[in-house]
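J.: Pasting a structure below so you can have a look.
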Amino acid sequence: MIAALVHLARLSRVGIVFAREGVLGLIDPRPLPWPARAALRCARLIERPTSGDSANRLSAALTALGPTYVKLGQFLATRPDVVGVALARDLESLQDRMPPFPQAQAEAAVAAALDRPLRDVFPTFGPAVAAASIAQVHRAELKDGRVVAVKVLRPGVEHRFKADLAAFFAVARMAEDWSADARRLRLIEVVQTLARTVTIEMDLRLEAAALSEMAENTREDPDFRVPTVDWDLTARDVLTLEWIDGTPLNDQAALRAKGLDLPHLGRAVIQTFLRHAMRDGFFHADMHPGNLFVDQDGKLVAVDFGIMGRLGAKERRFLAEILHGFITRDYRRTAEIHFEAGYVPPHHSVESFAQAIRAIGEPIHNRAAEDISMAKLLMLLFEVTGLFDMRTRPELLLLQKTMVVVEGVGRSLDTKLDIWTAAEPVVREWMERHLGPAGRLEDAAQGAGEVGRFFGQMPALLGRAARIADQLDAATRDGIVLDPATVAAIGAAEARRNRWTAAALWVIAVLLALLLWQSL
């Protein structure tokens, strides 16, 4: 009961902030029942005048509500199936920028995490250079003179997120109890995914592991690298890594002054992202210009690995083949790969689906290369697949959201950038490697290995099947016997349920008595 009251108080605050910032003005009142329409009109009485669009209003409200809601907005930007395409686009502009917490708190947090005095590790520890909802970054210097970036978790942030996520779960459960649409959108699962994402971000050792994995994957890449992690100075609440003394990718004047080839950088951004997604199945999912630098050697360097995306072998093949299908106008094959991957139910027609895909692909071949958006094409594809009962694929939505950002970065460096020409070498290389003769031989070898492992497990499987058959035979012959502890637990649960039922009836009786007494 107390938890429910706490959740109600938190949600009341959310409602007040939404009303004040004009977010409730985005709701269409026409389909609502009259009590809801009346409540909406009353709530809008406290709305303050604003000239901003929907994105500004919603962003302002989420920022005012604090770090958890900013993270929620960024997460929902990757789920157009839940909030709609238009609102997802608006939420993409939401920036995770927060005021830094005090320097003394940061220094105390670092000393506690590393279990030694701060000055014994960092003779120089500068003020925060960037601050977000979960952590902030400081520039520091080691005893040997090396300059490093030190990422520090916000004090108390875990408790704040847990409390807000508990309220999100309460709303999701309530919505799924009352609404079939909420059950279809699986709101509880959406909140669970958000909770897992935030939990990973709040353990900086996991971000260090992501950096290490990507460093191994990209060791031979010609245009990309990541900062080196200092594992000796990394803990759950602190991440220490190489300081990148490069030029931000959004500072085009500085890039030109250094004589860098901006069109080449634009192609490198696109190819780097596709290479990581298709070759490695592991990609940086927050590649906005603020997280990308160009070092002294002209290589792209990415920072902030809190949000990462993964694609399995099936998803990578799906991505490569649909891009190749659109490039070559092979719409039949593009349709078939959806069915082979199991994304579209088999009761639909491949021919009809290929026709729908052709309606998306043909217009792009009549336009200039710089007007064709790969991200927009994938978004239209996901909209069409909704008509064919394709279930939501969160990993593909994150891929599409990241592609929107990456494409924007590439086009900002070269307005004439031909996305398809830039993507074609990476897609072709993947296709030749995995779908050519060498790839088929490798698949055959893996298949043979799976068969060998299966036969190796056969004795254990047969033994387990025999035990299950004996247990079923005993159950059908003697009946199912419950363990005494199980019987006692069932009895205790039934007693608790009866007590709560009796208590509820007493509360109702008391309320009826009070109403009767007042009427007399």
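Please note that chains go A, B, ... in the order of the structure tokens, that every chain numbers its residues from 1, and that ligands are numbered from 1 in the order shown.
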Could you find all residues in segment 196-255 of chain A that DSSP calls strand (DSSP E) from the backbone, and write them as a list in words?

T.: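 Taking segment 196-255 of chain A and keeping strand (DSSP E) gives Phe224, Arg225, Val238, Leu239, Thr240, Leu241, Glu242, Thr247 and Pro248 of chain A.
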
J.: Could you give me, as an MDAnalysis selection string, the residues within 10 Å of segment 224-229 of chain A, counting only C-alpha atoms and dropping anything in the same chain fewer than 6 positions from it?

T.: chainID A and resid 148:149 207:209 211:212 214:218 239:244 268:269 272:273 292:295 298:305

J.: For Gln136 of chain A, please output as a list in words all residues within 8 Å (counting only C-alpha atoms; exclusion window: fewer than 3 positions along the same chain).

T.: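 Skipping anything fewer than 3 positions along the chain leaves Pro100, Ala128, Val129, Ala130, Ala131, Ala132, Lys151, Val152, Leu153 and Arg154 of chain A.
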
J.: Considering only C-alpha atoms, state which residue in the set A:Ala195, A:Ile270, A:Val17, A:Met308 is at the smallest distance from Asp418 of chain A.

T.: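 Of all the options, A:Ile270 lies closest to Asp418 of chain A.
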
J.: When you draw a straight line from atom CA of Arg20 of chain A to atom CA of Arg160 of chain A, how long is it in Å?

T.: 22.8 Å

J.: So how many Å separate atom CA of Asp223 of chain A and atom CA of Gly259 of chain A, to one decimal?

T.: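 Computing the Euclidean distance for atom CA of Asp223 of chain A and atom CA of Gly259 of chain A yields 16.2 Å.
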
J.: Got a sec: who's within 12 Å of Ala320 of chain A, counting only C-alpha atoms, leaving out chain neighbours fewer than 2 positions off, as a tab-separated table (two decimals) with all heavy atoms, in the first residue's frame?

T.:
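Once everything was written out, this is around-v4.tsv:
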chain	number	residue	atom	x	y	z
A	274	LEU	N	28.61	0.32	-40.87
A	274	LEU	CA	28.14	-0.90	-41.52
A	274	LEU	C	29.10	-2.07	-41.29
A	274	LEU	O	28.68	-3.22	-41.11
A	274	LEU	CB	27.95	-0.66	-43.02
A	274	LEU	CG	26.77	0.23	-43.41
A	274	LEU	CD1	26.78	0.50	-44.90
A	274	LEU	CD2	25.46	-0.41	-43.00
A	275	ARG	N	30.39	-1.77	-41.29
A	275	ARG	CA	31.39	-2.82	-41.06
A	275	ARG	C	31.21	-3.42	-39.66
A	275	ARG	O	31.23	-4.64	-39.48
A	275	ARG	CB	32.79	-2.25	-41.23
A	275	ARG	CG	33.89	-3.29	-41.36
A	275	ARG	CD	35.23	-2.63	-41.62
A	275	ARG	NE	35.31	-2.05	-42.95
A	275	ARG	CZ	35.48	-0.76	-43.21
A	275	ARG	NH1	35.58	0.11	-42.20
A	275	ARG	NH2	35.55	-0.32	-44.45
A	277	ALA	N	28.47	-3.34	-37.80
A	277	ALA	CA	27.17	-3.99	-37.67
A	277	ALA	C	27.16	-5.35	-38.36
A	277	ALA	O	26.68	-6.35	-37.80
A	277	ALA	CB	26.07	-3.09	-38.23
A	278	MET	N	27.69	-5.42	-39.60
A	278	MET	CA	27.58	-6.65	-40.39
A	278	MET	C	28.73	-7.62	-40.12
A	278	MET	O	28.53	-8.82	-39.98
A	278	MET	CB	27.51	-6.30	-41.87
A	278	MET	CG	26.19	-5.65	-42.26
A	278	MET	SD	25.91	-5.59	-44.04
A	278	MET	CE	27.24	-4.55	-44.56
A	279	ARG	N	29.94	-7.10	-40.05
A	279	ARG	CA	31.09	-8.00	-39.85
A	279	ARG	C	31.16	-8.52	-38.41
A	279	ARG	O	31.35	-9.71	-38.17
A	279	ARG	CB	32.39	-7.27	-40.19
A	279	ARG	CG	33.65	-8.11	-40.04
A	279	ARG	CD	34.90	-7.22	-40.07
A	279	ARG	NE	34.94	-6.31	-38.93
A	279	ARG	CZ	35.75	-5.25	-38.86
A	279	ARG	NH1	36.58	-4.99	-39.85
A	279	ARG	NH2	35.74	-4.47	-37.79
A	281	GLY	N	28.78	-7.69	-35.78
A	281	GLY	CA	27.53	-7.83	-35.03
A	281	GLY	C	27.56	-7.05	-33.73
A	281	GLY	O	26.79	-7.34	-32.81
A	311	LEU	N	23.93	-7.64	-33.11
A	311	LEU	CA	23.16	-8.36	-34.12
A	311	LEU	C	23.69	-9.79	-34.20
A	311	LEU	O	24.90	-10.00	-34.28
A	311	LEU	CB	23.29	-7.69	-35.49
A	311	LEU	CG	22.75	-6.26	-35.64
A	311	LEU	CD1	23.08	-5.73	-37.03
A	311	LEU	CD2	21.26	-6.21	-35.39
A	313	ALA	N	23.86	-13.67	-36.10
A	313	ALA	CA	24.19	-14.04	-37.48
A	313	ALA	C	22.98	-13.88	-38.39
A	313	ALA	O	23.09	-13.42	-39.53
A	313	ALA	CB	24.69	-15.49	-37.51
A	314	LYS	N	21.78	-14.23	-37.89
A	314	LYS	CA	20.57	-14.11	-38.70
A	314	LYS	C	20.27	-12.66	-39.03
A	314	LYS	O	19.93	-12.31	-40.17
A	314	LYS	CB	19.38	-14.74	-37.96
A	314	LYS	CG	18.09	-14.72	-38.75
A	314	LYS	CD	17.01	-15.55	-38.07
A	314	LYS	CE	16.49	-14.88	-36.82
A	314	LYS	NZ	15.32	-15.61	-36.26
A	315	GLU	N	20.42	-11.78	-38.03
A	315	GLU	CA	20.14	-10.36	-38.26
A	315	GLU	C	21.15	-9.73	-39.21
A	315	GLU	O	20.81	-8.89	-40.04
A	315	GLU	CB	20.12	-9.59	-36.93
A	315	GLU	CG	18.93	-9.88	-36.04
A	315	GLU	CD	19.04	-11.19	-35.31
A	315	GLU	OE1	20.19	-11.69	-35.15
A	315	GLU	OE2	18.01	-11.75	-34.91
A	316	ARG	N	22.42	-10.17	-39.11
A	316	ARG	CA	23.44	-9.62	-40.01
A	316	ARG	C	23.19	-10.05	-41.46
A	316	ARG	O	23.32	-9.25	-42.39
A	316	ARG	CB	24.83	-10.09	-39.57
A	316	ARG	CG	25.37	-9.32	-38.38
A	316	ARG	CD	26.77	-9.75	-38.05
A	316	ARG	NE	26.76	-10.79	-37.03
A	316	ARG	CZ	27.83	-11.49	-36.67
A	316	ARG	NH1	28.98	-11.29	-37.27
A	316	ARG	NH2	27.75	-12.40	-35.73
A	317	ARG	N	22.81	-11.30	-41.64
A	317	ARG	CA	22.50	-11.75	-42.99
A	317	ARG	C	21.28	-11.01	-43.53
A	317	ARG	O	21.24	-10.62	-44.70
A	317	ARG	CB	22.25	-13.25	-42.99
A	317	ARG	CG	21.86	-13.78	-44.36
A	317	ARG	CD	21.77	-15.28	-44.39
A	317	ARG	NE	21.33	-15.74	-45.70
A	317	ARG	CZ	21.29	-17.00	-46.07
A	317	ARG	NH1	21.69	-17.95	-45.25
A	317	ARG	NH2	20.87	-17.34	-47.28
A	318	PHE	N	20.31	-10.81	-42.66
A	318	PHE	CA	19.10	-10.07	-43.04
A	318	PHE	C	19.45	-8.67	-43.51
A	318	PHE	O	19.03	-8.22	-44.58
A	318	PHE	CB	18.16	-10.01	-41.83
A	318	PHE	CG	16.95	-9.14	-42.00
A	318	PHE	CD1	15.87	-9.56	-42.75
A	318	PHE	CD2	16.90	-7.90	-41.39
A	318	PHE	CE1	14.76	-8.75	-42.90
A	318	PHE	CE2	15.80	-7.08	-41.53
A	318	PHE	CZ	14.72	-7.51	-42.29
A	322	ILE	N	19.05	-7.50	-47.49
A	322	ILE	CA	18.05	-6.52	-47.90
A	322	ILE	C	18.73	-5.30	-48.52
A	322	ILE	O	18.22	-4.74	-49.50
A	322	ILE	CB	17.10	-6.11	-46.75
A	322	ILE	CG1	17.86	-5.43	-45.61
A	322	ILE	CG2	16.30	-7.28	-46.24
A	322	ILE	CD1	16.93	-4.80	-44.59
A	323	LEU	N	19.89	-4.89	-47.99
A	323	LEU	CA	20.60	-3.77	-48.61
A	323	LEU	C	21.06	-4.15	-50.01
A	323	LEU	O	20.93	-3.37	-50.96
A	323	LEU	CB	21.80	-3.36	-47.74
A	323	LEU	CG	21.47	-2.70	-46.40
A	323	LEU	CD1	22.74	-2.36	-45.64
A	323	LEU	CD2	20.63	-1.44	-46.59
A	324	HIS	N	21.59	-5.37	-50.16
A	324	HIS	CA	22.03	-5.82	-51.48
A	324	HIS	C	20.83	-5.93	-52.43
A	324	HIS	O	20.93	-5.60	-53.61
A	324	HIS	CB	22.73	-7.18	-51.35
A	324	HIS	CG	23.36	-7.64	-52.62
A	324	HIS	ND1	22.76	-8.55	-53.47
A	324	HIS	CD2	24.55	-7.32	-53.20
A	324	HIS	CE1	23.55	-8.76	-54.51
A	324	HIS	NE2	24.64	-8.04	-54.38
A	325	GLY	N	19.69	-6.38	-51.91
A	325	GLY	CA	18.49	-6.49	-52.74
A	325	GLY	C	18.02	-5.15	-53.25
A	325	GLY	O	17.62	-5.02	-54.42
A	326	PHE	N	18.08	-4.13	-52.41
A	326	PHE	CA	17.67	-2.80	-52.86
A	326	PHE	C	18.69	-2.20	-53.83
A	326	PHE	O	18.32	-1.51	-54.78
A	326	PHE	CB	17.44	-1.88	-51.66
A	326	PHE	CG	16.10	-2.05	-51.01
A	326	PHE	CD1	15.99	-2.62	-49.77
A	326	PHE	CD2	14.94	-1.64	-51.66
A	326	PHE	CE1	14.75	-2.78	-49.17
A	326	PHE	CE2	13.70	-1.80	-51.07
A	326	PHE	CZ	13.60	-2.38	-49.82
A	327	ILE	N	19.97	-2.46	-53.57
A	327	ILE	CA	21.00	-1.94	-54.47
A	327	ILE	C	20.85	-2.55	-55.87
A	327	ILE	O	20.97	-1.86	-56.89
A	327	ILE	CB	22.41	-2.23	-53.90
A	327	ILE	CG1	22.65	-1.37	-52.63
A	327	ILE	CG2	23.49	-1.93	-54.93
A	327	ILE	CD1	23.91	-1.74	-51.88
A	333	ARG	N	14.19	-11.49	-53.89
A	333	ARG	CA	15.13	-12.03	-52.90
A	333	ARG	C	14.99	-11.27	-51.57
A	333	ARG	O	15.09	-11.87	-50.50
A	333	ARG	CB	16.56	-11.93	-53.44
A	333	ARG	CG	17.61	-12.46	-52.49
A	333	ARG	CD	17.35	-13.90	-52.13
A	333	ARG	NE	18.16	-14.36	-51.02
A	333	ARG	CZ	17.80	-15.32	-50.19
A	333	ARG	NH1	16.63	-15.93	-50.32
A	333	ARG	NH2	18.59	-15.69	-49.19
A	334	THR	N	14.77	-9.97	-51.67
A	334	THR	CA	14.60	-9.18	-50.44
A	334	THR	C	13.39	-9.67	-49.67
A	334	THR	O	13.41	-9.73	-48.42
A	334	THR	CB	14.43	-7.69	-50.80
A	334	THR	OG1	15.54	-7.27	-51.59
A	334	THR	CG2	14.37	-6.84	-49.55
A	337	ILE	N	14.15	-13.21	-47.99
A	337	ILE	CA	15.00	-13.22	-46.79
A	337	ILE	C	14.17	-12.91	-45.54
A	337	ILE	O	14.46	-13.40	-44.45
A	337	ILE	CB	16.19	-12.24	-46.93
A	337	ILE	CG1	17.22	-12.46	-45.82
A	337	ILE	CG2	15.73	-10.79	-46.91
A	337	ILE	CD1	17.87	-13.81	-45.86
A	338	HIS	N	13.11	-12.10	-45.68
A	338	HIS	CA	12.21	-11.85	-44.55
A	338	HIS	C	11.54	-13.15	-44.08
A	338	HIS	O	11.41	-13.40	-42.88
A	338	HIS	CB	11.14	-10.83	-44.92
A	338	HIS	CG	11.61	-9.42	-44.90
A	338	HIS	ND1	12.38	-8.86	-45.90
A	338	HIS	CD2	11.42	-8.42	-43.98
A	338	HIS	CE1	12.63	-7.60	-45.60
A	338	HIS	NE2	12.06	-7.30	-44.46
A	423	ALA	N	28.10	2.36	-49.19
A	423	ALA	CA	27.77	1.10	-48.52
A	423	ALA	C	28.14	-0.12	-49.35
A	423	ALA	O	28.45	-1.19	-48.80
A	423	ALA	CB	26.27	1.06	-48.20
A	424	GLU	N	28.12	0.01	-50.67
A	424	GLU	CA	28.25	-1.14	-51.56
A	424	GLU	C	29.51	-1.98	-51.31
A	424	GLU	O	29.43	-3.22	-51.25
A	424	GLU	CB	28.19	-0.67	-53.02
A	424	GLU	CG	27.93	-1.79	-54.02
A	424	GLU	CD	29.21	-2.43	-54.51
A	424	GLU	OE1	30.28	-1.79	-54.40
A	424	GLU	OE2	29.13	-3.59	-54.98
A	425	PRO	N	30.72	-1.39	-51.15
A	425	PRO	CA	31.90	-2.23	-50.92
A	425	PRO	C	31.79	-3.08	-49.64
A	425	PRO	O	32.22	-4.23	-49.63
A	425	PRO	CB	33.05	-1.22	-50.81
A	425	PRO	CG	32.55	0.02	-51.44
A	425	PRO	CD	31.08	0.04	-51.22
A	426	VAL	N	31.23	-2.50	-48.57
A	426	VAL	CA	31.12	-3.24	-47.31
A	426	VAL	C	30.11	-4.37	-47.45
A	426	VAL	O	30.35	-5.50	-47.01
A	426	VAL	CB	30.70	-2.28	-46.16
A	426	VAL	CG1	30.60	-3.04	-44.84
A	426	VAL	CG2	31.70	-1.14	-46.03
A	427	VAL	N	28.96	-4.06	-48.08
A	427	VAL	CA	27.94	-5.09	-48.27
A	427	VAL	C	28.45	-6.20	-49.18
A	427	VAL	O	28.28	-7.39	-48.90
A	427	VAL	CB	26.65	-4.46	-48.85
A	427	VAL	CG1	25.61	-5.53	-49.15
A	427	VAL	CG2	26.07	-3.42	-47.89
A	428	ARG	N	29.12	-5.82	-50.28
A	428	ARG	CA	29.64	-6.82	-51.22
A	428	ARG	C	30.68	-7.71	-50.54
A	428	ARG	O	30.68	-8.94	-50.71
A	428	ARG	CB	30.26	-6.13	-52.43
A	428	ARG	CG	30.69	-7.12	-53.52
A	428	ARG	CD	31.37	-6.45	-54.70
A	428	ARG	NE	32.65	-5.88	-54.35
A	428	ARG	CZ	32.92	-4.58	-54.27
A	428	ARG	NH1	31.97	-3.70	-54.56
A	428	ARG	NH2	34.12	-4.16	-53.92
A	429	GLU	N	31.57	-7.10	-49.74
A	429	GLU	CA	32.59	-7.89	-49.04
A	429	GLU	C	31.95	-8.90	-48.10
A	429	GLU	O	32.38	-10.06	-48.03
A	429	GLU	CB	33.51	-6.94	-48.25
A	429	GLU	CG	34.61	-7.65	-47.49
A	429	GLU	CD	35.45	-6.69	-46.66
A	429	GLU	OE1	35.25	-5.46	-46.77
A	429	GLU	OE2	36.30	-7.19	-45.89
A	430	TRP	N	30.90	-8.47	-47.39
A	430	TRP	CA	30.23	-9.39	-46.46
A	430	TRP	C	29.56	-10.52	-47.24
A	430	TRP	O	29.63	-11.69	-46.86
A	430	TRP	CB	29.19	-8.64	-45.63
A	430	TRP	CG	28.66	-9.44	-44.49
A	430	TRP	CD1	29.11	-9.45	-43.20
A	430	TRP	CD2	27.59	-10.41	-44.54
A	430	TRP	NE1	28.39	-10.33	-42.44
A	430	TRP	CE2	27.45	-10.94	-43.25
A	430	TRP	CE3	26.75	-10.85	-45.55
A	430	TRP	CZ2	26.50	-11.90	-42.92
A	430	TRP	CZ3	25.80	-11.82	-45.24
A	430	TRP	CH2	25.67	-12.34	-43.94
A	431	MET	N	28.89	-10.17	-48.34
A	431	MET	CA	28.19	-11.18	-49.14
A	431	MET	C	29.18	-12.20	-49.69
A	431	MET	O	28.93	-13.41	-49.65
A	431	MET	CB	27.44	-10.51	-50.29
A	431	MET	CG	26.36	-9.51	-49.87
A	431	MET	SD	24.83	-10.27	-49.36
A	431	MET	CE	24.14	-10.78	-50.91
A	432	GLU	N	30.31	-11.74	-50.23
A	432	GLU	CA	31.29	-12.65	-50.79
A	432	GLU	C	31.91	-13.55	-49.71
A	432	GLU	O	32.15	-14.73	-49.94
A	432	GLU	CB	32.40	-11.86	-51.49
A	432	GLU	CG	31.94	-11.16	-52.77
A	432	GLU	CD	33.00	-10.24	-53.35
A	432	GLU	OE1	34.04	-10.05	-52.67
A	432	GLU	OE2	32.80	-9.72	-54.47
A	433	ARG	N	32.12	-12.96	-48.54
A	433	ARG	CA	32.74	-13.72	-47.46
A	433	ARG	C	31.80	-14.77	-46.87
A	433	ARG	O	32.22	-15.91	-46.59
A	433	ARG	CB	33.19	-12.74	-46.36
A	433	ARG	CG	33.64	-13.38	-45.05
A	433	ARG	CD	34.93	-14.17	-45.24
A	433	ARG	NE	35.34	-14.81	-44.02
A	433	ARG	CZ	34.84	-15.96	-43.56
A	433	ARG	NH1	33.90	-16.60	-44.24
A	433	ARG	NH2	35.28	-16.50	-42.44
A	434	HIS	N	30.52	-14.44	-46.70
A	434	HIS	CA	29.61	-15.33	-45.98
A	434	HIS	C	28.66	-16.11	-46.87
A	434	HIS	O	28.16	-17.16	-46.45
A	434	HIS	CB	28.81	-14.52	-44.96
A	434	HIS	CG	29.64	-13.97	-43.86
A	434	HIS	ND1	29.95	-14.66	-42.71
A	434	HIS	CD2	30.27	-12.76	-43.73
A	434	HIS	CE1	30.72	-13.94	-41.93
A	434	HIS	NE2	30.93	-12.78	-42.51
A	435	LEU	N	28.35	-15.60	-48.07
A	435	LEU	CA	27.41	-16.29	-48.95
A	435	LEU	C	28.10	-16.89	-50.16
A	435	LEU	O	27.46	-17.54	-50.98
A	435	LEU	CB	26.30	-15.33	-49.39
A	435	LEU	CG	25.48	-14.71	-48.26
A	435	LEU	CD1	24.38	-13.83	-48.82
A	435	LEU	CD2	24.89	-15.77	-47.35

J.: Calculate how many Å separate atom CA of Gln400 of chain A from atom CA of Glu321 of chain A, rounding to one decimal.

T.: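 Answer for the atom CA of Gln400 of chain A to atom CA of Glu321 of chain A separation: 15.4 Å.
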
J.: Looking at only C-alpha atoms, which of A:Val14, A:Val110, A:Leu265, A:Ala210 is the one that sits closest to Ala167 of chain A?

T.: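 Answer, going by the shortest atom-to-atom distance: A:Val14.
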
J.: Excluding Gln192 of chain A and any residue of its chain fewer than 5 positions from it, enumerate the residues within 9 Å of it, using only C-alpha atoms, and give them as number ranges by chain.

T.: A: 165, 169, 187, 197
